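One structure is given here, and the rest of the page talks about it.
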2 protein chains.
Amino acid sequence: MPVFLDTRDAGFETDFQVLLSAKREDSPDVDHVVADIIADVRARGDAAVLELTAKFDRMELTADKLAVSAAEVDAEIAKVSDEERAALELAAERIRAYHSRQMPEDAMWTDATGAQLGWRWTPVSAAGLYVPGGLASYPSSVLMNAIPAKVAGVGRLAITVPTPDGVINPLVLLAARLSGVDEIYRIGGAQAIAALAYGTETIKPVDKITGPGNAFVAAAKRRVFGKVGIDMIAGPSEILVIADGDNDPDWIALDLMSQAEHDESAQAILITTDAEFGRAVAQAVEKRLETLERRAIAGKSWEDFGAIITVADLDEAAALSDRIAPEHLELCVADVDALSAKITHAGAIFLGHWTPEAIGDYVGGPNHVLPTARSARFSSGLSVMDFVKRTTLSKMTPEALKAIGPAAEALAASESLEAHGLSVTARLEKLNKPE
Amino acid sequence: MPVFLDTRDAGFETDFQVLLSAKREDSPDVDHVVADIIADVRARGDAAVLELTAKFDRMELTADKLAVSAAEVDAEIAKVSDEERAALELAAERIRAYHSRQMPEDAMWTDATGAQLGWRWTPVSAAGLYVPGGLASYPSSVLMNAIPAKVAGVGRLAITVPTPDGVINPLVLLAARLSGVDEIYRIGGAQAIAALAYGTETIKPVDKITGPGNAFVAAAKRRVFGKVGIDMIAGPSEILVIADGDNDPDWIALDLMSQAEHDESAQAILITTDAEFGRAVAQAVEKRLETLERRAIAGKSWEDFGAIITVADLDEAAALSDRIAPEHLELCVADVDALSAKITHAGAIFLGHWTPEAIGDYVGGPNHVLPTARSARFSSGLSVMDFVKRTTLSKMTPEALKAIGPAAEALAASESLEAHGLSVTARLEKLNKPE
């Protein structure tokens with residue numbers, strides 16, 4: 001059973017703090033191993049990548065087989081059923097449509113001094129996307145990472161996907177094809193991250209690496225950060241549902257389980273204004289846990305980290321939600337827009353009971369790579385913005401320099417940066433010299 | 001003397017690679033010390049901060065003296081000269097005007113299925129800004145960090161500034177006042193970062209920390225990342241000037257020295273189409289180095305990391321510039337707009353010989369916190385975007401769910417995430433049930 005809390009209970013604040021600070025992840029310390037792998041790939045390139053792939057993925061490859069050829073992709077994606085292909089195409093189309101609206105605009109204007117100011121956005125030249133192999137090989141994640149990169153205009157997009165014992169997921173290849181991925185390498189782990197960051201004889205280095213992975217991949221991403229850009233290091237999945245009593249308990253139970261089934265460390269929380277409804281949801285969860293395929297995982301997550309919190313009103317619910325800063329927030333109340341307006345910190349909001357969170361995982365359009373572990377307080381989900389960067393622009397005229405140059409001289413002097421000041425002074429002297 | 005390269009020389013590519021990969025920073029490994037400091041502040045709060053401040057800054061404080069009071073700020077800023085005050089006010093006004101244009105817009109639309117989709121931006125609730133003390137205590141950096149935060153709508157903005165032996169820079173306090181900073185604490189080092197990230201009895205925790213600092217501060221920022229957001233970890237300053245022969249060599253020399261004087265590890269590079277002009281700039285630098293106040297620092301930087309590269313034409317210059325991906329790029333050629341259009345990777349571009357880089361450090365308007373160490377390939381300077389985050393929104397109607405729900409069911413099945421699928425199925429069953 002999950003914990004049951006009520007804001008009217010004396011011990012609520014203490015119990016809520018315990019819930020907030022629960023350490024759900026216990027990442028093994030693999031930093032030493034990862035440091036060695038990265039150093040090895042930097043020193044020996046392809047040879048190191050091939051040895052590590054033989055060791056970890058039981059795949060004896062040669063350098064010319066690191067890349068999955070277009071013919072192999074064709075052969076694999078021919079195995080995909082029509083229904084799955086249509087579903088993936090619909091998802092790709094909707095994700096592309098949503099993300100196309102995120103492209104930021106350039107700006108350039110002239111201010112009162114005559115100075116031209118502005119900025120422009122340009123895409124990252126090359127990006128790498130890590131795709132986990134085996135069980136957690138999700139084609140939807142390929143779409144969610146690759147499409148924003150291509151919408152941004154990334155010229156070269158490479159994916160790495162480990163294929164332990166040679167097993168590859170045809171849907172992952174189809175997702176890559178639909179997203180416009182340019183290169184696919186059958187490697188994984190820290191060695192894939194090292195190859196993407198530093199390059200090998202076969203794999204050219206990229207500028208930015210995104211995508212989920214295990215503890216080795218996460219540690220490798222942290223280590224190559226600075227050499228390349230990385231996306232966030234994602235923690236276990238979370239969902240918070242705020243529901244009044246006017247909901248089907250089974251729907252809400254399924255929504256909670258849809259995140260709980262990801263991972264034993266996932267967290268599913270219900271906040272409700274109706275204690276009776278909360279108990280009905282708990283019962284519905286127990287019932288579903290009898291038959292769910294992933295009941296062992298979902299059950300453990302619910303048992304260890306699940307919670308049902310009864311609140312006096314929706315204002316209280318919104319305040320608690322902001323303290324949780326959930327990755328996924330589902331609002332199932334009569335006036336969802338009013339409640340949504342009261343929320344400040346959440347990765348994604350799903351409005352109304354016709355919007356189960358799972359829609360957002362696949363076909364809604366918004367990205368499903370979202371800030372976990374309360375980081376929605378200061379960060380956003382993956383977007384086109386992760387694949388572009390801004391160059392600021394300034395162009396002074398002689399008049400503009402006369403107007404603002406003296407202030408720069410004064411500030412340079414106050415900071416004891418003489419050459420800064422002189423670079424302005426030299427120009428102003430020329431401007432102020434009688435012809 | 002700097003290195004002289006020419007793209008027409010046989011060894012150019014090798015020499016350019018050496019220049020690109022020069023390791024300019026040699027950060028001491030202070031990670032252990034910093035880990036202990038953070039643990040101490042987490043465990044003992046104010047008491048730890050006070051002890052560490054006594055030890056490192058030779059300041060015996062009590063908890064009620066950690067904050068600089070409004071009366072103290074008033075007293076200190078009364079010491080600022082009228083000229084400096086006016087210069088700082090002009091800078092603040094111009095920085096505010098530029099950054100106000102960066103505020104991103106919310107969006108919400110209805111697609112063909114009837115689904116409402118969009119996003120909204122909200123500010124980070126509380127931010128902390130680290131301001132170095134002593135020599136590197138730059139009021140301009142306070143403006144450049146604090147103003148974007150306040151433009152973004154950050155509700156609570158705290159700064160920490162160490163005051164070794166009690167010395168505080170009145171201009172830093174004035175910059176904080178002009179920027180709308182809410183709280184000022186006279187602490188520094190890793191203990192300040194720990195206090196901002198985890199909070200103490202006196203200092204409430206923040207959600208995001210920005211600002212420059214020494215190796216201890218940088219290591220502490222890396223460690224608290226995840227608990228809070230951080231900005232980039234900045235490396236030594238860099239400038240690249242692309243100039244044709246039609247420039248005053250002394251102006252360009254001063255522009256190069258304006259970054260070289262920051263730090264012995266700074267890097268100043270000139271690319272020119274005119275080898276003769278390159279030699280003239282080198283001579284002008286030597287002349288200026290005879291008298292510059294910071295000639296020891298600037299001279300060492302120029303000697304160790306300076307370069308003058310002669311190219312055949314401006315296309316070649318643009319291509320080399322993109323490989324360098326400079327923090328600051330100054331274009332002093334006849335057609336600066338044409339050359340600017342060929343540049344993809346740069347933190348900030350300064351167009352034309354009336355725009356010395358130093359203008360951008362103080363009063364231009366754009367931010368002076370910019371990506372160093374070639375990270376302009378994948379990252380941007382500080383902006384309002386660093387203090388806001390996006391929440392994505394989706395709201396299905398029954399019709400929208402009917403249209404796209406089956407694709408979500410198919411993809412959930414292909415990823416073996418049964419509860420994901422069932423959360424959609426349960427709703428579709430209700431919709432498809434005959435009344």
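Convention: chains lettered A, B, ... in structure tokens order; per-chain residue numbering from 1; ligands numbered from 1 as shown.
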
**Q.** Non-local contacts of Gln267 (chain B) (9 Å; only C-alpha atoms; under 4 positions in same chain excluded) as JSON, numbers by chain
**A.** {"B": [24, 236, 237, 238, 239, 240, 256, 259, 260, 263, 301, 302, 304, 305, 306, 307]}

Q: Can you work out which one of A:Ala220, A:Leu411, A:Met144, A:Ile203 has the shortest atom-to-atom distance to chain B, counting only C-alpha atoms?
A: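 Smallest distance to chain B is found for A:Leu411.
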
Any chance you could list, as a PDB file with C-alpha atoms, in the first residue's frame, the residues in region 198-419 of chain B that come up strand (DSSP E) when DSSP is run on the backbone?
```
ATOM      1  CA  LYS B 208      19.248  28.253  -9.595  1.00  0.00           C
ATOM      2  CA  ILE B 209      22.806  29.535  -9.073  1.00  0.00           C
ATOM      3  CA  THR B 210      24.763  31.591 -11.597  1.00  0.00           C
ATOM      4  CA  GLY B 229      20.226  24.553 -11.740  1.00  0.00           C
ATOM      5  CA  ILE B 230      23.543  26.193 -12.564  1.00  0.00           C
ATOM      6  CA  GLU B 238      38.957  34.628 -25.417  1.00  0.00           C
ATOM      7  CA  ILE B 239      38.834  37.038 -28.311  1.00  0.00           C
ATOM      8  CA  LEU B 240      39.184  36.454 -32.017  1.00  0.00           C
ATOM      9  CA  VAL B 241      39.532  39.485 -34.280  1.00  0.00           C
ATOM     10  CA  ILE B 242      39.138  39.116 -38.047  1.00  0.00           C
ATOM     11  CA  ALA B 243      40.581  42.217 -39.704  1.00  0.00           C
ATOM     12  CA  GLN B 267      43.596  33.820 -25.440  1.00  0.00           C
ATOM     13  CA  ALA B 268      43.708  36.556 -28.093  1.00  0.00           C
ATOM     14  CA  ILE B 269      43.901  35.652 -31.781  1.00  0.00           C
ATOM     15  CA  LEU B 270      44.026  37.826 -34.880  1.00  0.00           C
ATOM     16  CA  ILE B 271      43.088  36.456 -38.288  1.00  0.00           C
ATOM     17  CA  THR B 272      43.970  38.788 -41.122  1.00  0.00           C
ATOM     18  CA  ALA B 307      48.309  33.955 -32.414  1.00  0.00           C
ATOM     19  CA  ILE B 308      48.301  35.900 -35.643  1.00  0.00           C
ATOM     20  CA  ILE B 309      46.998  33.914 -38.584  1.00  0.00           C
ATOM     21  CA  THR B 310      47.254  35.086 -42.173  1.00  0.00           C
ATOM     22  CA  HIS B 328      34.089  37.045 -28.540  1.00  0.00           C
ATOM     23  CA  LEU B 329      34.418  37.630 -32.267  1.00  0.00           C
ATOM     24  CA  GLU B 330      35.249  41.080 -33.617  1.00  0.00           C
ATOM     25  CA  LEU B 331      34.847  41.720 -37.337  1.00  0.00           C
ATOM     26  CA  CYS B 332      36.850  44.657 -38.696  1.00  0.00           C
ATOM     27  CA  ALA B 348      28.993  37.277 -29.446  1.00  0.00           C
ATOM     28  CA  ILE B 349      29.905  39.135 -32.616  1.00  0.00           C
ATOM     29  CA  PHE B 350      31.087  42.761 -32.612  1.00  0.00           C
ATOM     30  CA  LEU B 351      30.564  44.280 -36.017  1.00  0.00           C
ATOM     31  CA  VAL B 388      12.625  30.686 -16.972  1.00  0.00           C
ATOM     32  CA  LYS B 389      11.380  27.177 -17.657  1.00  0.00           C
ATOM     33  CA  ARG B 390       8.692  25.792 -19.891  1.00  0.00           C
ATOM     34  CA  THR B 391       5.707  23.666 -18.929  1.00  0.00           C
ATOM     35  CA  THR B 392       4.132  21.862 -21.863  1.00  0.00           C
ATOM     36  CA  LEU B 393       0.332  21.645 -21.978  1.00  0.00           C
ATOM     37  CA  SER B 394      -2.035  19.187 -23.622  1.00  0.00           C
ATOM     38  CA  LYS B 395      -5.783  18.829 -23.386  1.00  0.00           C
TER      39      LYS B 395
END
```

Q.
Please determine, counting only C-alpha atoms, which residue among A:Pro139, A:Gly213, A:Gly153, A:Gly166 has the shortest atom-to-atom distance to chain B.
A.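 Ranking A:Pro139, A:Gly213, A:Gly153, A:Gly166 by distance to chain B, first place goes to A:Pro139.
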
**Q.** d(CA of Ala341 (chain A), CA of Arg120 (chain B)) in Å
**A.** 10.0 Å

Q | Nearest to chain B by atom-to-atom distance, counting only C-alpha atoms, from A:Ala115, A:Ala176, A:Ala35, A:Ala312 | A | A:Ala115

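From CA of Pro212 (chain B) back to CA of Gly226 (chain B), the distance works out to 18.3 Å.
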
**Q.** Nearest to chain A by atom-to-atom distance, counting only C-alpha atoms, from B:Gly211, B:Gly235, B:Pro132, B:Pro356
**A.**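 So, comparing all the options, the nearest one is B:Pro356.
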